[in-house]
Structure formats: structure tokens, C-alpha cells
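Trainee: Data: protein.cif, mmCIF, C-alpha atoms.
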```cif
data_start
loop_
_atom_site.label_atom_id
_atom_site.label_comp_id
_atom_site.auth_asym_id
_atom_site.auth_seq_id
_atom_site.Cartn_x
_atom_site.Cartn_y
_atom_site.Cartn_z
CA MET U 13 113.70 105.37 87.30
CA ALA U 14 111.02 105.62 89.92
CA ASN U 15 107.36 105.33 89.06
CA THR U 16 104.89 107.82 90.50
CA TYR U 17 101.24 107.06 91.20
CA VAL U 18 98.82 109.88 90.33
CA LYS U 19 95.21 109.44 91.42
CA ILE U 20 92.97 109.95 88.39
CA ALA U 21 89.64 109.20 90.10
CA SER U 22 88.14 107.31 93.00
CA TYR U 23 84.73 105.99 93.90
CA ALA U 24 83.23 105.02 97.27
CA ALA U 25 79.78 103.40 97.35
CA THR U 26 77.45 105.07 99.82
CA GLY U 27 74.77 102.48 99.09
CA SER U 28 74.15 99.57 96.76
CA VAL U 29 75.30 100.32 93.19
CA ALA U 30 75.04 98.39 89.92
CA SER U 31 78.40 99.46 88.44
CA ILE U 32 81.46 101.62 88.90
CA ASP U 33 82.54 103.59 85.85
CA PHE U 34 85.77 105.46 85.12
CA THR U 35 85.38 107.54 81.95
CA SER U 36 87.50 110.02 80.02
CA ILE U 37 90.74 108.37 81.15
CA PRO U 38 93.55 110.58 79.82
CA ALA U 39 96.26 109.03 77.66
CA THR U 40 99.02 110.94 79.45
CA TYR U 41 100.39 108.17 81.69
CA THR U 42 102.65 105.21 81.06
CA ASP U 43 100.44 102.63 82.81
CA LEU U 44 97.18 102.39 84.76
CA VAL U 45 96.48 100.73 88.11
CA LEU U 46 92.97 100.08 89.41
CA LYS U 47 92.62 99.13 93.09
CA ILE U 48 89.32 97.76 94.40
CA SER U 49 88.03 96.85 97.84
CA GLY U 50 84.68 95.27 97.09
CA ARG U 51 81.76 93.20 98.20
CA ILE U 52 78.71 92.19 96.15
CA SER U 53 75.14 91.33 97.13
CA LEU U 54 75.33 87.85 95.56
CA ALA U 55 74.14 85.39 98.22
CA GLN U 56 77.11 83.04 98.10
CA ILE U 57 80.71 83.08 99.26
CA TYR U 58 82.22 84.43 96.04
CA GLY U 59 81.17 85.78 92.69
CA ALA U 60 83.06 87.45 89.89
CA PHE U 61 83.93 91.08 89.33
CA TRP U 62 83.52 91.83 85.64
CA LEU U 63 85.26 94.49 83.59
CA ASN U 64 84.22 96.27 80.41
CA ILE U 65 86.99 98.14 78.60
CA ASN U 66 85.93 101.13 76.48
CA GLY U 67 82.37 99.84 76.79
CA LEU U 68 83.27 96.51 75.16
CA THR U 69 82.93 92.96 76.43
CA THR U 70 84.63 91.26 73.47
CA ASN U 71 88.14 90.24 72.39
CA ARG U 72 89.20 89.17 75.86
CA THR U 73 91.26 86.13 76.83
CA TYR U 74 92.89 85.20 80.11
CA ARG U 75 94.72 82.51 82.06
CA TYR U 76 94.40 82.18 85.80
CA LEU U 77 95.77 80.46 88.88
CA GLU U 78 93.44 80.06 91.85
CA GLY U 79 93.61 78.73 95.38
CA ASN U 80 90.68 78.40 97.79
CA GLY U 81 92.23 77.21 101.05
CA ALA U 82 91.82 73.55 100.13
CA ALA U 83 92.94 73.14 96.52
CA ALA U 84 94.61 74.95 93.64
CA SER U 85 93.38 75.17 90.06
CA SER U 86 94.16 76.90 86.81
CA GLY U 87 92.42 77.52 83.54
CA SER U 88 91.60 79.97 80.83
CA GLY U 89 88.61 81.87 79.55
CA THR U 90 87.27 84.47 77.17
CA ASN U 91 84.66 86.36 79.19
CA THR U 92 84.79 89.65 81.10
CA ASN U 93 85.57 88.06 84.47
CA VAL U 94 88.55 89.76 86.12
CA SER U 95 88.64 88.41 89.65
CA THR U 96 86.88 86.59 92.42
CA GLY U 97 84.69 89.03 94.31
CA GLN U 98 83.56 88.87 97.90
CA GLY U 99 80.00 87.56 98.07
CA ASN U 100 77.51 88.44 100.77
CA SER U 101 77.71 85.01 102.45
CA THR U 102 81.22 85.61 103.81
CA THR U 103 82.14 87.07 107.17
CA ALA U 104 80.23 90.34 107.72
CA SER U 105 82.01 93.59 106.88
CA THR U 106 84.83 91.92 104.94
CA TYR U 107 85.81 92.86 101.40
CA SER U 108 87.94 91.34 98.68
CA ASN U 109 90.96 93.30 97.49
CA VAL U 110 91.81 93.48 93.81
CA GLU U 111 94.54 95.19 91.81
CA LEU U 112 94.49 95.43 88.01
CA TYR U 113 97.62 96.65 86.22
CA PHE U 114 97.46 97.90 82.61
CA PRO U 115 100.92 98.53 81.12
CA ASN U 116 101.10 100.71 78.00
CA TYR U 117 97.32 101.29 78.10
CA ALA U 118 97.48 104.15 75.58
CA GLY U 119 99.77 102.42 73.07
CA SER U 120 98.71 101.22 69.64
CA THR U 121 99.12 97.48 70.33
CA ASN U 122 96.84 94.91 71.98
CA LYS U 123 96.46 95.55 75.71
CA SER U 124 97.76 93.02 78.21
CA PHE U 125 96.88 93.38 81.88
CA SER U 126 97.26 91.47 85.12
CA VAL U 127 94.92 90.94 88.06
CA ASP U 128 95.80 90.01 91.64
CA SER U 129 92.82 89.38 93.94
CA VAL U 130 92.20 87.93 97.36
CA GLY U 131 89.06 87.50 99.45
CA GLU U 132 88.60 87.66 103.20
CA ASN U 133 86.55 85.16 105.15
CA ASN U 134 86.67 83.89 108.70
CA ALA U 135 86.24 80.32 107.47
CA THR U 136 88.10 77.60 105.61
CA THR U 137 87.14 78.71 102.11
CA VAL U 138 88.73 81.90 100.83
CA TYR U 139 89.84 82.56 97.26
CA MET U 140 93.05 84.01 95.88
CA ASP U 141 93.48 84.54 92.12
CA LEU U 142 96.12 85.69 89.65
CA TYR U 143 95.11 86.51 86.08
CA ALA U 144 97.16 87.24 82.99
CA ALA U 145 94.79 88.80 80.46
CA LEU U 146 94.77 90.22 76.96
CA TRP U 147 92.32 92.63 75.40
CA SER U 148 92.87 92.25 71.66
CA GLN U 149 92.20 95.86 70.71
CA THR U 150 94.67 98.54 69.65
CA ALA U 151 92.64 101.55 70.83
CA ALA U 152 93.84 103.42 73.90
CA ILE U 153 91.93 102.50 77.06
CA ASN U 154 89.75 105.49 77.96
CA GLN U 155 86.96 103.83 79.97
CA LEU U 156 86.85 101.07 82.60
CA THR U 157 83.53 99.81 83.98
CA LEU U 158 83.32 97.38 86.90
CA LEU U 159 80.22 95.22 87.33
CA PRO U 160 79.33 92.49 89.81
CA GLU U 161 78.55 89.03 88.40
CA SER U 162 75.09 89.32 89.91
CA GLY U 163 73.42 91.78 92.23
CA ASN U 164 75.12 95.04 93.18
CA PHE U 165 78.26 96.35 94.77
CA LEU U 166 77.53 96.94 98.45
CA ILE U 167 78.08 100.02 100.59
CA TYR U 168 81.73 100.84 101.36
CA THR U 169 82.99 99.25 98.15
CA THR U 170 85.78 101.47 96.87
CA ALA U 171 87.70 101.72 93.61
CA THR U 172 90.60 104.03 92.81
CA LEU U 173 92.23 104.51 89.41
CA TYR U 174 95.85 105.65 89.25
CA GLY U 175 98.05 106.73 86.38
CA ILE U 176 101.70 105.76 86.54
CA LEU U 177 104.29 108.32 85.50
CA LYS U 178 107.93 107.46 84.90
CA THR U 179 110.14 110.04 86.55
#
```
Output the structure of this file as C-alpha cells.
Mentor:
Amino acid sequence: MANTYVKIASYAATGSVASIDFTSIPATYTDLVLKISGRISLAQIYGAFWLNINGLTTNRTYRYLEGNGAAASSGSGTNTNVSTGQGNSTTASTYSNVELYFPNYAGSTNKSFSVDSVGENNATTVYMDLYAALWSQTAAINQLTLLPESGNFLIYTTATLYGILKT
């Protein structure tokens, strides 16, 4: 069966913004996909994009694989970090690209999700990350809030939330 993407909401920053919030997410889809093209005002090459689910920052665990152009690493964590974000010390007018996938987001079990992110930089150091994450809550996901690790999201940052329908 084919899956169909249905745009639920999108956001495009017309200036510097502190967060991007998707609220009142309907429970009518099979899965959710959140796509982000972002840059933050943090004065370094990369910083994290953080995610609050249903307004909560707790009960989160993840494992990750990361490469930076010179070395690979892996690890685990329990914070709200969801990807490596493009900092404001990278090549001008470049943005990191992130996709978060939430299968069975409205089900009554704990919520697993995956993250695939890559930065863009006209230099040796550029980050690419894969995350496998778990939000240990059984409530349906009805709100997703994106926050930069520090500073703000910069102009032209975009985020689009899609619902996936099985056809």
C-alpha cells in the first residue's frame, strides 16, 4: 500500500524566532513526518535543535551515530536534543536539513521516532547524524515544539509537518 503525505502545517521564519510550535495535531494519521531546513544564531559551527513533545522535556532516550568529515562517533543520551543544527559560523546562507519520523504517533504505546540530519558548510567540518529515539509516554502526540540550543532560529528557517495516510 502506498503512503500519502498530507501537509498539516508549515512555518517559515520571516525574522529571528525563539521557537517553532505545531499545536492541535490531529490523531487521524498513521504516522507524522517533520521536515526542517534551519539555521540558528549560535556563534559556532553547529548547535542542537531541541524538541519538546506535548510540552514535555522528560522521558526521552536516544542513541545516535555521527560523522563530522573527519571522524565518526556514537553515543546515547536522555535530553531533548534531536539533531545537529546549523550554527551561524558556517558558510553564509546555508541551512541544515532534518527529518523526524514518528510512526504510530497516536497509538497507546511509548513513542519511538527517528531523526536524520545533515549540515551544510563550505569547509572540512560538517555534521551528519542519525538518531533512534524513544519518548516513554503513551499519550498521543498532539504538540511538537522546536527550539534552538541557544539563540534563535534565523530568517528563512522552515518547518513542515506532514501526516502519513495509508491508502
Trainee: Could you check the closest approach to U:Asn80 for each of U:Tyr113, U:Tyr139, U:Phe125, U:Tyr41 and tell me which residue wins, using all atoms listed in the file?
Mentor: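 Result for the nearest residue to U:Asn80: U:Tyr139.
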Trainee: Just how far from atom CA of U:Val130 is atom CA of U:Lys47, in Å to one decimal?
Mentor: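 Those two atoms sit 12.0 Å apart.
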Trainee: Starting from the displayed file, determine the output of the PyMOL selection byres ((chain U and resi 176) around 9) and express the residue list as a ChimeraX atom specification.
Mentor: /U:15-19,41-45,174-175,177-178
Trainee: Out of U:Asn122, U:Asn71, U:Ser49, U:Ser88, which residue has the shortest atom-to-atom distance to U:Tyr107 when counting only C-alpha atoms?
Mentor: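 Among the listed residues, U:Ser49 lies closest to U:Tyr107.
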Trainee: Here is a test: counting only C-alpha atoms, which residue of U:Thr35, U:Ser108, U:Thr40, U:Gln56 is nearest to U:Asp141?
Mentor: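 Answer, going by the shortest atom-to-atom distance: U:Ser108.
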Trainee: I'd like to see the residues matched by the PyMOL selection byres ((chain U and resi 64) around 9) on this file, and ideally I'd get them as a ChimeraX atom specification.
Mentor: /U:62-63,65-70,92,155-159
Trainee: Write out as a PyMOL selection string which residues come within 10 Å of stretch 166-172 of chain U when counting only C-alpha atoms, dropping same-chain ones fewer than 3 positions away.
Mentor: chain U and resi 19-30+32-34+45-54+99-100+105+107-111+158+160+163
Trainee: To test your reading of the syntax: which residues would the PyMOL selection byres ((chain U and resi 134) around 12) return for the file shown? Reply as a ChimeraX atom specification.
Mentor: /U:57,81,101-107,131-133,135-139
Trainee: In Å, rounded to a single decimal, give me how far atom CA of U:Ala83 is from atom CA of U:Asn164.
Mentor: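 Those two atoms sit 28.4 Å apart.
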Trainee: Closest to U:Ser120 among U:Ile153, U:Ile37, U:Leu142, U:Leu77, using only C-alpha atoms?
Mentor: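 For U:Ser120, the nearest of the candidates is U:Ile153.
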Trainee: Can you measure atom CA of U:Leu146 to atom CA of U:Ser126 for me? One decimal in Å is fine.
Mentor: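 Separation of atom CA of U:Leu146 and atom CA of U:Ser126: 8.6 Å.
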Trainee: Using only C-alpha atoms, which of the listed residues (U:Ser36, U:Ser95, U:Gln149, U:Ser85) sits closest to U:Ser124?
Mentor: U:Gln149
Trainee: Would you list the contacts of U:Met140 as a list in words, taking every protein, DNA or RNA residue within 6 Å and counting all atoms listed in the file, but skipping same-chain residues closer than 4 positions in sequence?
Mentor: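 In the requested format, the answer is Glu78, Gly79, Ser129 and Val130 of chain U.
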Trainee: When you count only C-alpha atoms, which of these residues is closest to U:Ser148: U:Ser31, U:Asn91, U:Gln98, U:Thr121?
Mentor: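 The answer is U:Thr121, which sits nearest to U:Ser148.
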